[in-house]
Structures are given as structure tokens and as C-alpha cells.
>>> print(open('final-v9.cif').read())   # mmCIF, C-alpha atoms
data_entry
#
loop_
_atom_site.label_atom_id
_atom_site.label_comp_id
_atom_site.auth_asym_id
_atom_site.auth_seq_id
_atom_site.Cartn_x
_atom_site.Cartn_y
_atom_site.Cartn_z
CA MET Z 1 4.56 -2.47 -3.19
CA ASP Z 2 7.93 -3.51 -2.01
CA LEU Z 3 9.13 -5.19 1.13
CA GLU Z 4 9.77 -2.07 3.17
CA GLN Z 5 6.30 -0.86 2.40
CA CYS Z 6 4.89 -4.19 3.59
CA ASN Z 7 6.79 -3.69 6.80
CA PHE Z 8 5.41 -0.18 7.11
CA LEU Z 9 1.86 -1.46 6.74
CA ALA Z 10 2.47 -4.24 9.23
CA GLU Z 11 3.41 -1.60 11.80
CA ASP Z 12 -0.16 -0.35 11.71
CA LEU Z 13 -1.56 -3.59 13.07
CA LEU Z 14 -2.68 -3.67 16.67
CA ILE Z 15 -0.69 -5.54 19.28
CA LYS Z 16 -1.13 -5.94 23.03
CA ILE Z 17 1.25 -4.27 25.40
CA MET Z 18 1.58 -3.95 29.15
CA PRO Z 19 2.46 -0.35 29.92
CA ARG Z 20 4.37 0.67 33.00
CA ILE Z 21 3.08 4.21 33.18
CA HIS Z 22 -0.05 6.32 33.08
CA LEU Z 23 -0.69 8.05 29.83
CA ASP Z 24 -3.61 9.30 27.76
CA VAL Z 25 -3.07 10.05 24.11
CA GLU Z 26 -5.59 10.99 21.51
CA LYS Z 27 -4.07 10.16 18.16
CA ILE Z 28 -4.54 12.01 14.94
CA ASP Z 29 -6.75 9.32 13.50
CA GLY Z 30 -9.10 9.41 16.46
CA LEU Z 31 -7.83 6.36 18.29
CA TYR Z 32 -7.61 6.84 22.04
CA LEU Z 33 -4.73 5.28 23.93
CA ASN Z 34 -5.27 5.04 27.66
CA PHE Z 35 -2.42 3.51 29.51
CA GLU Z 36 -2.64 2.27 33.07
CA PRO Z 37 0.25 0.41 34.64
CA ARG Z 38 -0.16 -3.35 34.35
CA VAL Z 39 -3.36 -3.16 32.32
CA PRO Z 40 -2.95 -4.68 28.85
CA THR Z 41 -4.00 -2.36 26.02
CA GLU Z 42 -3.93 -2.63 22.26
CA VAL Z 43 -1.79 -0.22 20.30
CA PRO Z 44 -0.36 -0.12 16.78
CA VAL Z 45 2.95 -1.93 16.44
CA TRP Z 46 4.89 1.27 15.76
CA VAL Z 47 3.70 2.79 19.04
CA ALA Z 48 4.62 -0.42 20.82
CA MET Z 49 8.15 -0.37 19.38
CA PHE Z 50 8.55 3.30 20.27
CA LEU Z 51 7.50 2.68 23.89
CA LYS Z 52 9.60 -0.47 24.06
CA LYS Z 53 12.73 1.46 23.08
CA LYS Z 54 12.04 3.86 25.92
CA GLN Z 55 11.56 0.82 28.14
CA ILE Z 56 8.15 1.82 29.41
CA CYS Z 57 6.20 -1.22 28.32
CA THR Z 58 6.44 -4.93 27.72
CA VAL Z 59 5.02 -6.45 24.57
CA ILE Z 60 2.61 -9.39 24.68
CA PRO Z 61 3.31 -11.39 21.51
CA PRO Z 62 0.38 -12.51 19.34
CA THR Z 63 -1.04 -15.95 20.11
CA TRP Z 64 0.49 -17.59 17.06
CA LEU Z 65 4.06 -16.71 17.99
CA THR Z 66 4.76 -19.73 20.18
CA VAL Z 67 6.87 -22.81 19.54
CA GLU Z 68 3.84 -25.13 19.50
CA ASP Z 69 1.81 -23.06 17.06
CA LEU Z 70 4.74 -22.52 14.75
CA ASN Z 71 5.44 -26.25 14.82
CA THR Z 72 1.84 -26.90 13.79
CA ILE Z 73 2.10 -24.45 10.92
CA SER Z 74 5.41 -25.89 9.83
CA GLN Z 75 4.01 -29.42 9.90
CA ALA Z 76 0.95 -28.37 7.92
CA GLU Z 77 3.18 -26.76 5.29
CA ALA Z 78 5.22 -29.91 5.00
CA ASP Z 79 2.18 -32.18 4.71
CA SER Z 80 0.24 -30.20 2.17
CA PRO Z 81 1.41 -29.72 -1.44
CA SER Z 82 -0.35 -26.37 -1.65
CA PHE Z 83 -0.13 -23.37 0.64
CA THR Z 84 -1.72 -23.40 4.10
CA GLU Z 85 -3.45 -20.56 5.82
CA ILE Z 86 -1.13 -18.37 7.86
CA PRO Z 87 -1.74 -15.07 9.63
CA GLU Z 88 -1.70 -12.18 7.18
CA ARG Z 89 1.34 -10.25 8.34
CA PHE Z 90 3.10 -13.33 9.63
CA PHE Z 91 6.58 -12.69 8.30
CA GLU Z 92 6.71 -8.97 8.93
CA LEU Z 93 5.41 -9.20 12.48
CA SER Z 94 7.58 -12.13 13.45
CA HIS Z 95 10.63 -10.32 12.12
CA ILE Z 96 9.80 -7.13 14.02
CA LEU Z 97 9.07 -8.95 17.26
CA ILE Z 98 12.03 -11.29 17.11
CA THR Z 99 14.48 -8.49 16.46
CA GLN Z 100 13.07 -5.85 18.80
CA CYS Z 101 11.28 -7.65 21.64
CA GLN Z 102 13.80 -10.27 22.53
CA ASP Z 103 13.10 -10.26 26.23
CA ASP Z 104 9.35 -10.67 25.77
CA LEU Z 105 9.58 -13.91 23.84
CA GLU Z 106 10.40 -17.37 25.10
CA ASN Z 107 12.62 -19.74 23.18
CA LEU Z 108 13.82 -17.00 20.89
CA GLU Z 109 16.25 -19.15 18.91
CA GLN Z 110 13.70 -21.87 18.32
CA LEU Z 111 11.16 -19.32 17.12
CA ARG Z 112 13.72 -17.87 14.76
CA THR Z 113 14.52 -21.27 13.31
CA LEU Z 114 10.86 -22.21 12.93
CA VAL Z 115 9.98 -18.96 11.13
CA LYS Z 116 12.92 -19.45 8.79
CA ASP Z 117 11.79 -23.02 8.22
CA ILE Z 118 8.27 -21.94 7.29
CA TRP Z 119 9.67 -19.27 5.00
CA ASP Z 120 11.91 -21.79 3.24
CA LYS Z 121 9.08 -24.26 2.71
CA ARG Z 122 6.68 -21.67 1.35
CA SER Z 123 9.16 -19.96 -0.90
CA SER Z 124 10.22 -23.24 -2.48
CA LYS Z 125 6.55 -24.06 -3.11
CA LEU Z 126 6.16 -20.60 -4.61
CA ARG Z 127 9.13 -21.17 -6.87
CA THR Z 128 7.92 -24.50 -8.21
CA SER Z 129 4.37 -23.33 -8.75
CA THR Z 130 5.63 -20.20 -10.52
CA MET Z 131 7.65 -22.31 -12.94
CA GLU Z 132 4.64 -24.55 -13.56
CA PHE Z 133 2.41 -21.55 -14.15
CA LEU Z 134 4.78 -19.94 -16.61
CA GLU Z 135 5.38 -23.14 -18.56
CA THR Z 136 1.93 -24.49 -18.97
CA SER Z 137 -0.67 -21.91 -18.22
CA GLU Z 138 -3.40 -21.36 -20.75
CA GLY Z 139 -5.01 -18.30 -19.37
CA GLY Z 140 -2.49 -15.90 -18.00
CA HIS Z 141 -4.24 -15.71 -14.65
CA VAL Z 142 -3.67 -17.69 -11.50
CA ASN Z 143 -5.27 -18.08 -8.11
CA MET Z 144 -3.09 -17.01 -5.20
CA ASN Z 145 -5.40 -17.57 -2.33
CA LYS Z 146 -3.28 -18.35 0.64
CA ILE Z 147 -0.23 -16.32 -0.21
CA THR Z 148 0.58 -13.32 1.94
CA GLN Z 149 1.29 -9.85 0.59
CA PHE Z 150 4.88 -10.14 1.72
CA GLU Z 151 5.48 -13.18 -0.47
CA ILE Z 152 3.72 -11.47 -3.34
CA ALA Z 153 6.03 -8.48 -2.96
CA HIS Z 154 8.99 -10.85 -3.08
CA THR Z 155 8.05 -12.41 -6.39
CA ARG Z 156 6.31 -9.41 -7.86
CA ASP Z 157 9.05 -8.12 -10.13
CA PHE Z 158 9.81 -11.49 -11.57
CA MET Z 159 6.22 -12.66 -11.95
CA VAL Z 160 4.95 -9.46 -13.49
CA ASP Z 161 7.83 -9.21 -15.97
CA ALA Z 162 7.74 -12.88 -16.91
CA SER Z 163 3.99 -13.06 -17.40
CA ALA Z 164 3.96 -9.78 -19.35
CA THR Z 165 6.68 -11.13 -21.65
CA ILE Z 166 4.75 -14.34 -22.17
CA GLY Z 167 1.68 -12.26 -22.98
CA LYS Z 168 3.59 -10.27 -25.57
CA LEU Z 169 5.04 -13.42 -27.12
CA SER Z 170 1.65 -15.01 -27.37
CA ASN Z 171 0.28 -11.87 -29.03
CA VAL Z 172 3.04 -12.15 -31.62
CA TYR Z 173 2.25 -15.83 -32.05
CA LEU Z 174 -1.43 -15.06 -32.59
CA SER Z 175 -0.71 -12.35 -35.13
CA ILE Z 176 1.60 -14.67 -37.08
CA ASP Z 177 -1.02 -17.36 -36.88
CA GLU Z 178 -3.56 -15.13 -38.54
CA GLU Z 179 -1.43 -14.56 -41.60
CA MET K 180 4.42 11.16 31.92
CA SER K 181 4.49 14.83 31.16
CA ILE K 182 7.16 17.17 32.27
CA GLY K 183 6.10 20.60 33.36
CA LEU K 184 2.44 20.28 32.47
CA THR K 185 0.13 17.90 34.25
CA GLU K 186 -1.70 15.24 32.29
CA SER K 187 -5.00 17.06 32.36
CA GLN K 188 -3.47 20.40 31.36
CA LEU K 189 -1.81 18.81 28.37
CA ASP K 190 -4.98 17.02 27.39
CA ALA K 191 -6.93 20.20 27.60
CA ALA K 192 -4.37 21.93 25.40
CA LEU K 193 -4.37 19.15 22.84
CA ASP K 194 -8.13 18.91 22.92
CA GLY K 195 -8.20 22.43 21.65
CA VAL K 196 -7.17 20.96 18.32
CA ASP K 197 -10.39 19.21 17.42
CA ILE K 198 -8.92 16.36 15.52
CA SER K 199 -11.00 13.31 16.34
CA ASP K 200 -14.11 14.96 15.14
CA GLY K 201 -12.67 15.72 11.74
CA SER K 202 -15.70 15.18 9.57
CA PHE K 203 -15.31 16.71 6.19
CA GLY K 204 -17.71 19.21 4.80
CA ALA K 205 -20.09 17.71 2.32
CA HIS K 206 -20.92 19.48 -0.85
CA ASP K 207 -23.92 18.25 -2.77
CA GLY K 208 -23.66 14.55 -3.35
CA GLU K 209 -20.41 14.06 -1.50
CA GLU K 210 -20.10 11.73 1.45
CA VAL K 211 -19.10 12.89 4.88
CA ILE K 212 -16.50 10.59 6.36
CA ASP K 213 -14.39 10.89 9.45
CA LEU K 214 -10.64 11.13 9.56
CA GLU K 215 -10.06 7.50 10.48
CA GLU K 216 -11.98 6.33 7.44
CA ALA K 217 -10.22 8.88 5.23
CA ILE K 218 -6.81 7.64 6.34
CA LYS K 219 -7.83 4.03 5.77
CA ARG K 220 -9.08 4.82 2.27
CA PHE K 221 -6.00 6.83 1.49
CA LYS K 222 -3.69 3.98 2.52
CA GLN K 223 -5.58 1.69 0.18
CA ALA K 224 -5.38 4.27 -2.63
CA TRP K 225 -1.63 4.46 -2.03
CA MET K 226 -1.26 0.68 -2.27
CA ASN K 227 -3.36 0.61 -5.44
CA GLU K 228 -1.35 3.40 -7.05
CA ASN K 229 1.93 1.63 -6.28
CA ALA K 230 0.81 -1.66 -7.76
CA SER K 231 -0.97 -0.34 -10.83
CA PRO K 232 0.83 0.07 -14.18
CA LYS K 233 -1.46 2.93 -15.21
CA LEU K 234 -2.25 6.19 -13.49
CA LEU K 235 -5.39 5.81 -11.38
CA SER K 236 -8.05 8.40 -10.63
CA SER K 237 -7.02 11.19 -8.36
CA GLN K 238 -7.72 10.76 -4.65
CA TYR K 239 -6.55 14.20 -3.76
CA GLU K 240 -9.57 15.15 -1.65
CA LEU K 241 -8.34 12.63 0.90
CA VAL K 242 -4.84 14.08 0.72
CA HIS K 243 -6.06 17.65 1.23
CA ALA K 244 -8.17 16.62 4.18
CA ILE K 245 -5.33 14.82 5.93
CA VAL K 246 -2.88 17.63 5.21
CA GLN K 247 -5.35 20.10 6.67
CA GLN K 248 -5.41 18.19 9.96
CA ILE K 249 -1.65 17.96 10.02
CA ASP K 250 -1.34 21.71 9.44
CA GLU K 251 -3.73 22.44 12.28
CA PHE K 252 -1.69 20.33 14.64
CA GLU K 253 1.57 21.92 13.56
CA ALA K 254 0.15 25.41 13.89
CA PHE K 255 -1.12 24.61 17.34
CA THR K 256 2.13 23.17 18.58
CA ALA K 257 4.40 25.61 16.80
CA ASN K 258 5.14 27.51 19.96
CA TYR K 259 5.76 24.59 22.22
CA THR K 260 8.69 24.95 24.56
CA GLN K 261 11.55 22.46 24.65
CA GLN K 262 10.01 20.87 27.71
CA GLN K 263 6.62 20.40 26.13
CA LYS K 264 8.33 18.80 23.19
CA LEU K 265 9.74 16.10 25.40
CA ASP K 266 6.29 14.97 26.36
CA LEU K 267 5.42 11.43 25.34
CA SER K 268 1.98 12.00 23.89
CA TYR K 269 3.31 14.88 21.79
CA ASN K 270 6.02 12.57 20.44
CA ILE K 271 3.60 9.83 19.59
CA ARG K 272 1.47 12.26 17.64
CA ARG K 273 4.54 13.62 15.85
CA MET K 274 5.53 10.09 14.85
CA GLU K 275 2.07 9.44 13.54
CA ILE K 276 2.26 12.60 11.47
CA SER K 277 5.63 11.55 10.05
CA ARG K 278 4.13 8.26 8.99
CA LEU K 279 1.23 9.99 7.27
CA GLN K 280 3.63 12.38 5.55
CA TYR K 281 5.64 9.45 4.27
CA ILE K 282 2.56 7.91 2.68
CA ILE K 283 1.47 11.22 1.18
CA ASN K 284 4.90 11.92 -0.28
CA SER K 285 5.20 8.42 -1.66
CA TYR K 286 1.77 8.70 -3.26
CA ILE K 287 2.56 12.01 -4.92
CA ARG K 288 5.95 10.76 -6.10
CA THR K 289 4.49 7.61 -7.68
CA ARG K 290 1.87 9.61 -9.54
CA LEU K 291 4.37 12.16 -10.82
CA ARG K 292 6.63 9.38 -12.04
CA LYS K 293 3.76 7.93 -14.03
CA ILE K 294 2.84 11.35 -15.44
CA GLU K 295 6.42 11.90 -16.58
CA LYS K 296 6.32 8.76 -18.68
CA ASP K 297 3.56 10.03 -20.95
CA PRO K 298 2.37 13.57 -20.15
CA VAL K 299 0.55 14.11 -23.42
CA GLY K 300 -1.45 10.90 -23.25
CA ILE K 301 -2.42 11.53 -19.67
CA LEU K 302 -3.48 15.11 -20.31
CA LYS K 303 -5.63 13.89 -23.16
CA GLU K 304 -7.24 11.21 -21.00
CA HIS K 305 -7.90 13.84 -18.34
CA GLU K 306 -9.63 16.08 -20.89
CA ASP K 307 -11.65 13.16 -22.21
CA ARG K 308 -12.94 12.34 -18.77
CA ILE K 309 -13.96 15.93 -18.11
CA ASN K 310 -15.76 16.12 -21.44
CA GLY K 311 -17.53 12.86 -20.84
CA VAL K 312 -15.88 11.15 -23.78
CA SER K 313 -14.03 8.51 -21.78
CA THR K 314 -15.53 5.44 -20.13
CA SER K 315 -14.61 6.57 -16.66
CA THR K 316 -16.04 9.64 -14.99
CA GLU K 317 -13.60 10.02 -12.12
CA GLU K 318 -11.12 12.86 -12.44
CA LEU K 319 -7.71 11.64 -13.41
CA LEU K 320 -5.53 14.54 -12.39
CA GLU K 321 -5.55 17.21 -9.76
CA GLU K 322 -5.06 20.87 -10.76
CA LYS K 323 -1.41 21.01 -9.80
CA GLU K 324 -0.74 17.75 -11.61
CA VAL K 325 -2.21 19.21 -14.79
CA GLU K 326 0.15 22.16 -14.44
CA PHE K 327 3.05 19.81 -13.80
CA ALA K 328 2.25 17.68 -16.85
CA GLU K 329 1.98 20.72 -19.08
CA ASN K 330 5.18 22.30 -17.78
CA TYR K 331 7.06 19.03 -17.98
CA PHE K 332 6.05 18.43 -21.55
CA GLU K 333 6.79 22.01 -22.53
CA SER K 334 10.27 21.82 -20.98
CA SER K 335 11.04 18.51 -22.67
CA ARG K 336 9.85 19.88 -25.99
CA LYS K 337 11.96 23.00 -25.63
CA LEU K 338 15.00 20.96 -24.68
CA LEU K 339 14.68 18.69 -27.69
CA LEU K 340 14.11 21.64 -30.02
CA ASP K 341 17.11 23.52 -28.69
CA GLU K 342 19.38 20.53 -28.79
CA PHE K 343 18.77 19.07 -32.20
CA LEU K 344 15.21 19.10 -33.47
CA GLY K 345 15.55 22.78 -34.37
CA SER K 346 18.20 21.92 -36.92
CA LEU K 347 16.05 19.37 -38.66
CA ALA K 348 13.55 20.13 -41.37
CA GLN K 349 10.27 21.61 -40.21
CA CYS K 350 8.25 18.51 -40.90
CA LEU K 351 10.55 16.37 -38.75
CA GLN K 352 10.28 18.59 -35.74
CA LYS K 353 7.95 16.38 -33.79
CA VAL K 354 8.47 15.33 -30.24
CA PRO K 355 8.39 11.55 -30.08
CA ARG K 356 5.81 10.17 -27.75
CA ILE K 357 6.60 6.97 -25.95
CA THR K 358 3.41 5.01 -25.84
CA GLU K 359 4.25 2.15 -23.62
CA THR K 360 2.06 -0.69 -24.54
CA ASN K 361 1.57 -2.21 -21.16
CA SER K 362 -1.48 -3.97 -22.36
CA THR K 363 -0.06 -7.24 -21.15
CA ALA K 364 0.78 -5.94 -17.68
CA ARG K 365 -0.51 -8.08 -14.87
CA VAL K 366 -1.37 -7.24 -11.30
CA PHE K 367 -2.00 -9.09 -8.07
CA PHE K 368 -5.32 -8.29 -6.52
CA GLU K 369 -7.74 -9.36 -3.81
CA VAL K 370 -11.52 -9.27 -3.95
CA ILE K 371 -13.09 -7.23 -1.19
CA VAL K 372 -16.83 -7.40 -1.81
CA ASP K 373 -19.33 -10.23 -1.95
CA ASN K 374 -21.07 -11.00 -5.22
CA CYS K 375 -18.36 -9.58 -7.35
CA GLU K 376 -18.80 -9.91 -11.13
CA SER K 377 -16.67 -12.51 -12.83
CA ILE K 378 -13.84 -11.32 -15.01
CA THR K 379 -13.05 -12.62 -18.47
CA VAL K 380 -9.42 -13.40 -19.12
CA PRO K 381 -8.46 -13.99 -22.74
CA LYS K 382 -6.77 -17.30 -23.42
CA LEU K 383 -3.15 -16.99 -24.40
CA LYS K 384 -3.02 -19.32 -27.35
CA ASP K 385 -6.42 -18.73 -28.84
CA LYS K 386 -7.79 -15.32 -29.55
CA GLU K 387 -11.43 -16.32 -29.61
CA LEU K 388 -11.60 -18.19 -26.36
CA GLU K 389 -11.68 -16.71 -22.89
CA PHE K 390 -11.73 -17.92 -19.35
CA ILE K 391 -14.48 -16.67 -17.13
CA VAL K 392 -13.13 -16.42 -13.62
CA PRO K 393 -15.65 -16.24 -10.80
CA LEU K 394 -14.60 -13.99 -7.95
CA ALA K 395 -15.47 -14.70 -4.33
CA LYS K 396 -14.67 -12.38 -1.46
CA GLY K 397 -11.16 -12.93 -0.16
CA ASP K 398 -9.84 -14.57 -3.32
CA ARG K 399 -6.48 -13.47 -4.61
CA PHE K 400 -5.38 -13.60 -8.22
CA LEU K 401 -2.76 -12.59 -10.71
CA ALA K 402 -4.51 -11.39 -13.85
CA PRO K 403 -4.09 -8.88 -16.67
CA PHE K 404 -4.69 -5.33 -15.53
CA LYS K 405 -7.07 -4.60 -18.39
CA CYS K 406 -9.52 -7.21 -17.18
CA VAL K 407 -9.83 -5.78 -13.70
CA GLU K 408 -9.49 -2.05 -14.31
CA GLU K 409 -13.22 -1.42 -14.02
CA LEU K 410 -13.61 -3.40 -10.84
CA LEU K 411 -10.73 -1.45 -9.34
CA GLU K 412 -12.36 1.89 -10.17
CA LYS K 413 -15.57 0.70 -8.54
CA GLY K 414 -13.71 -0.36 -5.44
CA HIS K 415 -14.64 -4.04 -5.63
CA ILE K 416 -11.05 -5.19 -5.57
CA LYS K 417 -7.83 -3.95 -4.09
CA LEU K 418 -4.35 -4.35 -5.53
CA LEU K 419 -1.65 -6.12 -3.57
#
>>> encode(input="final-v9.cif", output="C-alpha cells")
Amino acid sequence: MDLEQCNFLAEDLLIKIMPRIHLDVEKIDGLYLNFEPRVPTEVPVWVAMFLKKKQICTVIPPTWLTVEDLNTISQAEADSPSFTEIPERFFELSHILITQCQDDLENLEQLRTLVKDIWDKRSSKLRTSTMEFLETSEGGHVNMNKITQFEIAHTRDFMVDASATIGKLSNVYLSIDEE
Amino acid sequence: MSIGLTESQLDAALDGVDISDGSFGAHDGEEVIDLEEAIKRFKQAWMNENASPKLLSSQYELVHAIVQQIDEFEAFTANYTQQQKLDLSYNIRRMEISRLQYIINSYIRTRLRKIEKDPVGILKEHEDRINGVSTSTEELLEEKEVEFAENYFESSRKLLLDEFLGSLAQCLQKVPRITETNSTARVFFEVIVDNCESITVPKLKDKELEFIVPLAKGDRFLAPFKCVEELLEKGHIKLL
């Protein structure tokens, strides 16, 4: 699962939009989209981006994409030595919205800086805990509870290779030990 | 915002393709699920297949079902005029189909790549499962994949024979089989059911000892693939 695939999956999430036209669509998967002007409806992100490009809707950003909420998250990350809870598709969605819905967001530059800040904090925590895990772990398994799929995709190659190599080395060690 | 046709005319035309009610015919013992559920399950199967080091059981019934719906839509709209093709709802449905096609192609490609690595081993595993010899009972390969594996191996064998094996002594004319020992491969996974069984992870430095890891719903872990293979087949966990 690489980063583009994470993005692809994030586009299936539902987001609120305010359409400017009438439209009724029955999608392949059975979801009905009924648009009335100025009535907020929920649609998948990819539909929202498609309509946005044609300039027939405005996007209502998710509740967590505000300066205050991002500040709270950033503060919580700084205070806690472990990972805090963040919305599942946080990085993918914020990237999509910041790059494609610039006129629907307030304080765009601040949002951008805050998201980058949160990313930096979490990825440095990820780096240090990875090194700790590889150096000292006894079991070859580790809990990754509050880490999003996006971050997992980022470290996947390295983590999987490194822990597989350590596994192989310890198998060699055990077989030498037996002799 | 339709051009040429009114909203209701277009809806009536599209309604002719009965897509939302796509329940799939049940043969004895099979579940009937609707298209939305099938697509959801297929996306998860795609994610699992991408993250797993081994080839997983075939989920081709889902693929066939989705492809059938796509074909119906394409057949129905094959004769659309240029104007009809500009219609917004038509375009949204086309985009959705492109997205589904991307997932289907990616799924097939990942599986074929895994088959190419060890066609003989996989064919054997497939046979074992059919004959009830293996631990798992789910079918590993779809018909066409079996053909592909056999043809691929046959072509590789012929190539090696023609190039140099043919000039070796008879007893040396064996096609080498690359058995990748990915027994230490690890995967990231998340638990999706309550009351999941705990997994046992062998300790690295001591062969006798093991960790027993309790699994609660929503937990995420990195662990050796071997330890969680069964849970994955049962659907208790999903790979990330």
C-alpha cells in the first residue's frame, strides 16, 4: 500500500458540499446523490473535487480543519511523548483540501504550516520509536495504535525490510546457539 | 444540468440499467450481498493483497460481479450521442467506473506478480487446497490464473532449456525453483472484530519462549505474517 493508494482511498471518504445546481445521480454502488442549490449534501471526495473543478459547488471543510483545532492537535503532540489520536485520513484529506479548495478555507497559510508542523512532530516520534524498536525489541512485534495508514505507508518499506532482516539474523543466531 | 435530455428523461434512461439492486445470485450456501457491500469487500481484499507477502485466497467472485455491472452500464451507454456524453451524471458514473477499473487492474496485477515469483509452488498449494490436503479450504487461484501459472512456467522452462540447459547433461536439466523464504516477513494489521483470539509471537532471542499478544478491536500492530495468516483468512483482521 503506497502513498498514492492511500490518497486514492481517502478520496472515497464523504465530505459536505454546497452545490449550486440541481442534479440527481444514482451511482454504480447504489449511493444516491441529490443536489439542490444551497442545500449541503455529503458526497465522496472525488466527486467533490470533480464538481469543484467545474465550479458548480463549494466545499465545506471537515470540522477538524480549522486553526484552533489544529493548534490543539499540535499542542497535544508536543506535550505527549507517544502518539495522539488524529482523524484517520488526516494527512491525505488536508493535502487534497489545501491544494484544491483554496477559496473554501480560511487562513490557508496558517493551516498549511500547522499541518506541516504536526507531520514533522509525528514523523520524528516515529523515527525515534522505530530505532528503539529495532535495537531493543524482544518479540518482533509492536503496537501501532494511533498511527495512521499514511504514516505506516511511509515507513513500510524500511520497517518491513529491517524487521525481516533482524528476524533472519536472530534465526541464524539461534541455530548457531544450538550447536 | 443535462443538455438535450431533461432530468427525468435521463433518469428514466439510466434507471433502465438496474444497478442499485445488484444482488448476486446465491448458489447453495453462498451469501447474497448487494453491490455496495461487494465493492467494500473488494477494496479490502485489494488492500490485503497489496500488503501481504504471500498470495491470498482468490476473491474473484467479487471481481466478476463488479465487472458484470460495469459491462451492463457500458453496453447501455454505448450508443450515447456526443451531447448525452456531456451530461454531468453520466460523467460522474464514468469516473466511478474508472476508479473501480483501477482497483480491479491493480488487484490482478499484484496477484500475477506474486504468481510469477513461484508458479510451481503456488500451483501445488492450489491443488492441495482442492484435494483437502492443505490447512485452508479457500480456493487460491482462479481458472485463468491457473492457466497463466502453467503457461508461464512452461515458457520459462522452454526458454531455459533452449538457451543452455539443453546442452547440459540430462540429470542437470532441472529448472531451479526460487523458494523465497519470507518466513520472517512482517505486516501491519488492524483488528476488526471484538473478542479476537490472541496471537503468539515467537521471541527473537529464545526459541522456546513466545509472547502472547491479546488483540482488542481497533488495535494496530506490526507482527510476523505467519502468526496472523489464519486470522486474516477468517476476516478478523485487515492489513494496512
>>> resolve_selection(input="final-v9.cif", expression="the PyMOL selection byres ((chain K and resi 218) around 12)", output="MDAnalysis selection string")
(chainID Z and resid 12 28:30) or (chainID K and resid 201 212:217 219:225 238 240:246 248 275:276 278:280 282:283)
>>> closest_atom_pairs(input="final-v9.cif", of="chain K", to="chain Z", cutoff="6 Å", atoms="all atoms listed in the file", output="tab-separated table")
residue	atom	partner	partner_atom	distance
K:Ser199	CA	Z:Gly30	CA	4.3
K:Leu214	CA	Z:Asp29	CA	5.8
K:Glu215	CA	Z:Asp29	CA	4.8
K:Asn229	CA	Z:Met1	CA	5.8
K:Ala230	CA	Z:Met1	CA	6.0
K:Ser268	CA	Z:Val25	CA	5.4
K:Arg272	CA	Z:Lys27	CA	5.9
K:Thr363	CA	Z:Ala164	CA	5.1
K:Ala364	CA	Z:Ala164	CA	5.3
K:Arg365	CA	Z:Val160	CA	5.8
K:Lys382	CA	Z:Gly139	CA	4.5
K:Leu383	CA	Z:Gly139	CA	5.5
K:Asp398	CA	Z:Asn145	CA	5.4
K:Arg399	CA	Z:Asn145	CA	4.8
K:Phe400	CA	Z:Asn143	CA	4.5
K:Leu401	CA	Z:His141	CA	5.2
K:Ala402	CA	Z:His141	CA	4.4
>>> resolve_selection(input="final-v9.cif", expression="the PyMOL selection byres ((chain K and resi 324) around 12)", output="list in words")
Leu234, Ser236, Ser237, Tyr239, Ile287, Arg288, Arg290, Leu291, Arg292, Lys293, Ile294, Glu295, Pro298, Ile301, Leu302, His305, Glu318, Leu319, Leu320, Glu321, Glu322, Lys323, Val325, Glu326, Phe327, Ala328, Glu329, Asn330 and Tyr331 of chain K
>>> residues_around(input="final-v9.cif", residues="Lys116 of chain Z", least_positions_apart="3", cutoff="12 Å", atoms="only C-alpha atoms", output="list of chain:residue names")
Z:Leu70, Z:Asn71, Z:Ser74, Z:Phe90, Z:Phe91, Z:Ser94, Z:His95, Z:Ile98, Z:Glu109, Z:Gln110, Z:Leu111, Z:Arg112, Z:Thr113, Z:Trp119, Z:Asp120, Z:Lys121, Z:Arg122, Z:Ser123
>>> write_last_selection(input="final-v9.cif", atoms="C-alpha atoms", output="compact mmCIF listing (two decimals), in the coordinates of the input")
# COMPACT_ATOMS: atom_id res chain seq x y z
CA LEU Z 70 4.74 -22.52 14.75
CA ASN Z 71 5.44 -26.25 14.82
CA SER Z 74 5.41 -25.89 9.83
CA PHE Z 90 3.10 -13.33 9.63
CA PHE Z 91 6.58 -12.69 8.30
CA SER Z 94 7.58 -12.13 13.45
CA HIS Z 95 10.63 -10.32 12.12
CA ILE Z 98 12.03 -11.29 17.11
CA GLU Z 109 16.25 -19.15 18.91
CA GLN Z 110 13.70 -21.87 18.32
CA LEU Z 111 11.16 -19.32 17.12
CA ARG Z 112 13.72 -17.87 14.76
CA THR Z 113 14.52 -21.27 13.31
CA TRP Z 119 9.67 -19.27 5.00
CA ASP Z 120 11.91 -21.79 3.24
CA LYS Z 121 9.08 -24.26 2.71
CA ARG Z 122 6.68 -21.67 1.35
CA SER Z 123 9.16 -19.96 -0.90
>>> atom_distance(input="final-v9.cif", atom1="atom CA of Lys384 of chain K", atom2="atom CA of Thr155 of chain Z")
24.7 Å
>>> residues_around(input="final-v9.cif", residues="segment 345-359 of chain K", least_positions_apart="3", cutoff="10 Å", atoms="all atoms listed in the file", output="list in words")
Lys296, Asp297, Pro298, Val299, Gly300, Phe332, Ser335, Arg336, Lys337, Leu338, Leu339, Leu340, Asp341, Glu342 and Ser362 of chain K
>>> atom_distance(input="final-v9.cif", atom1="atom CA of Phe404 of chain K", atom2="atom CA of Thr314 of chain K")
16.0 Å
>>> atom_distance(input="final-v9.cif", atom1="atom CA of Ile86 of chain Z", atom2="atom CA of Asn107 of chain Z")
20.6 Å
>>> decode(input="final-v9.cif", residues="segment 99-106 of chain Z", atoms="N, CA, C and O atoms", output="compact mmCIF listing (two decimals), in the first residue's frame")
# COMPACT_ATOMS: atom_id res chain seq x y z
N THR Z 99 -4.74 21.96 -1.29
CA THR Z 99 -4.29 22.25 -2.65
C THR Z 99 -5.44 22.54 -3.60
O THR Z 99 -5.27 23.28 -4.56
N GLN Z 100 -6.62 21.95 -3.39
CA GLN Z 100 -7.66 22.12 -4.40
C GLN Z 100 -8.84 22.99 -3.99
O GLN Z 100 -9.66 23.33 -4.82
N CYS Z 101 -8.98 23.31 -2.70
CA CYS Z 101 -10.15 24.09 -2.29
C CYS Z 101 -9.70 25.35 -1.60
O CYS Z 101 -10.15 25.70 -0.51
N GLN Z 102 -8.78 26.07 -2.25
CA GLN Z 102 -8.17 27.18 -1.54
C GLN Z 102 -9.15 28.27 -1.16
O GLN Z 102 -8.99 28.90 -0.13
N ASP Z 103 -10.17 28.47 -1.98
CA ASP Z 103 -11.09 29.56 -1.63
C ASP Z 103 -12.14 29.15 -0.61
O ASP Z 103 -12.92 29.98 -0.16
N ASP Z 104 -12.19 27.86 -0.23
CA ASP Z 104 -13.18 27.47 0.76
C ASP Z 104 -12.61 27.43 2.16
O ASP Z 104 -13.31 27.15 3.13
N LEU Z 105 -11.30 27.66 2.28
CA LEU Z 105 -10.67 27.56 3.60
C LEU Z 105 -10.22 28.93 4.04
O LEU Z 105 -9.74 29.73 3.25
N GLU Z 106 -10.33 29.16 5.37
CA GLU Z 106 -9.81 30.42 5.90
C GLU Z 106 -8.39 30.20 6.39
O GLU Z 106 -8.03 29.13 6.83
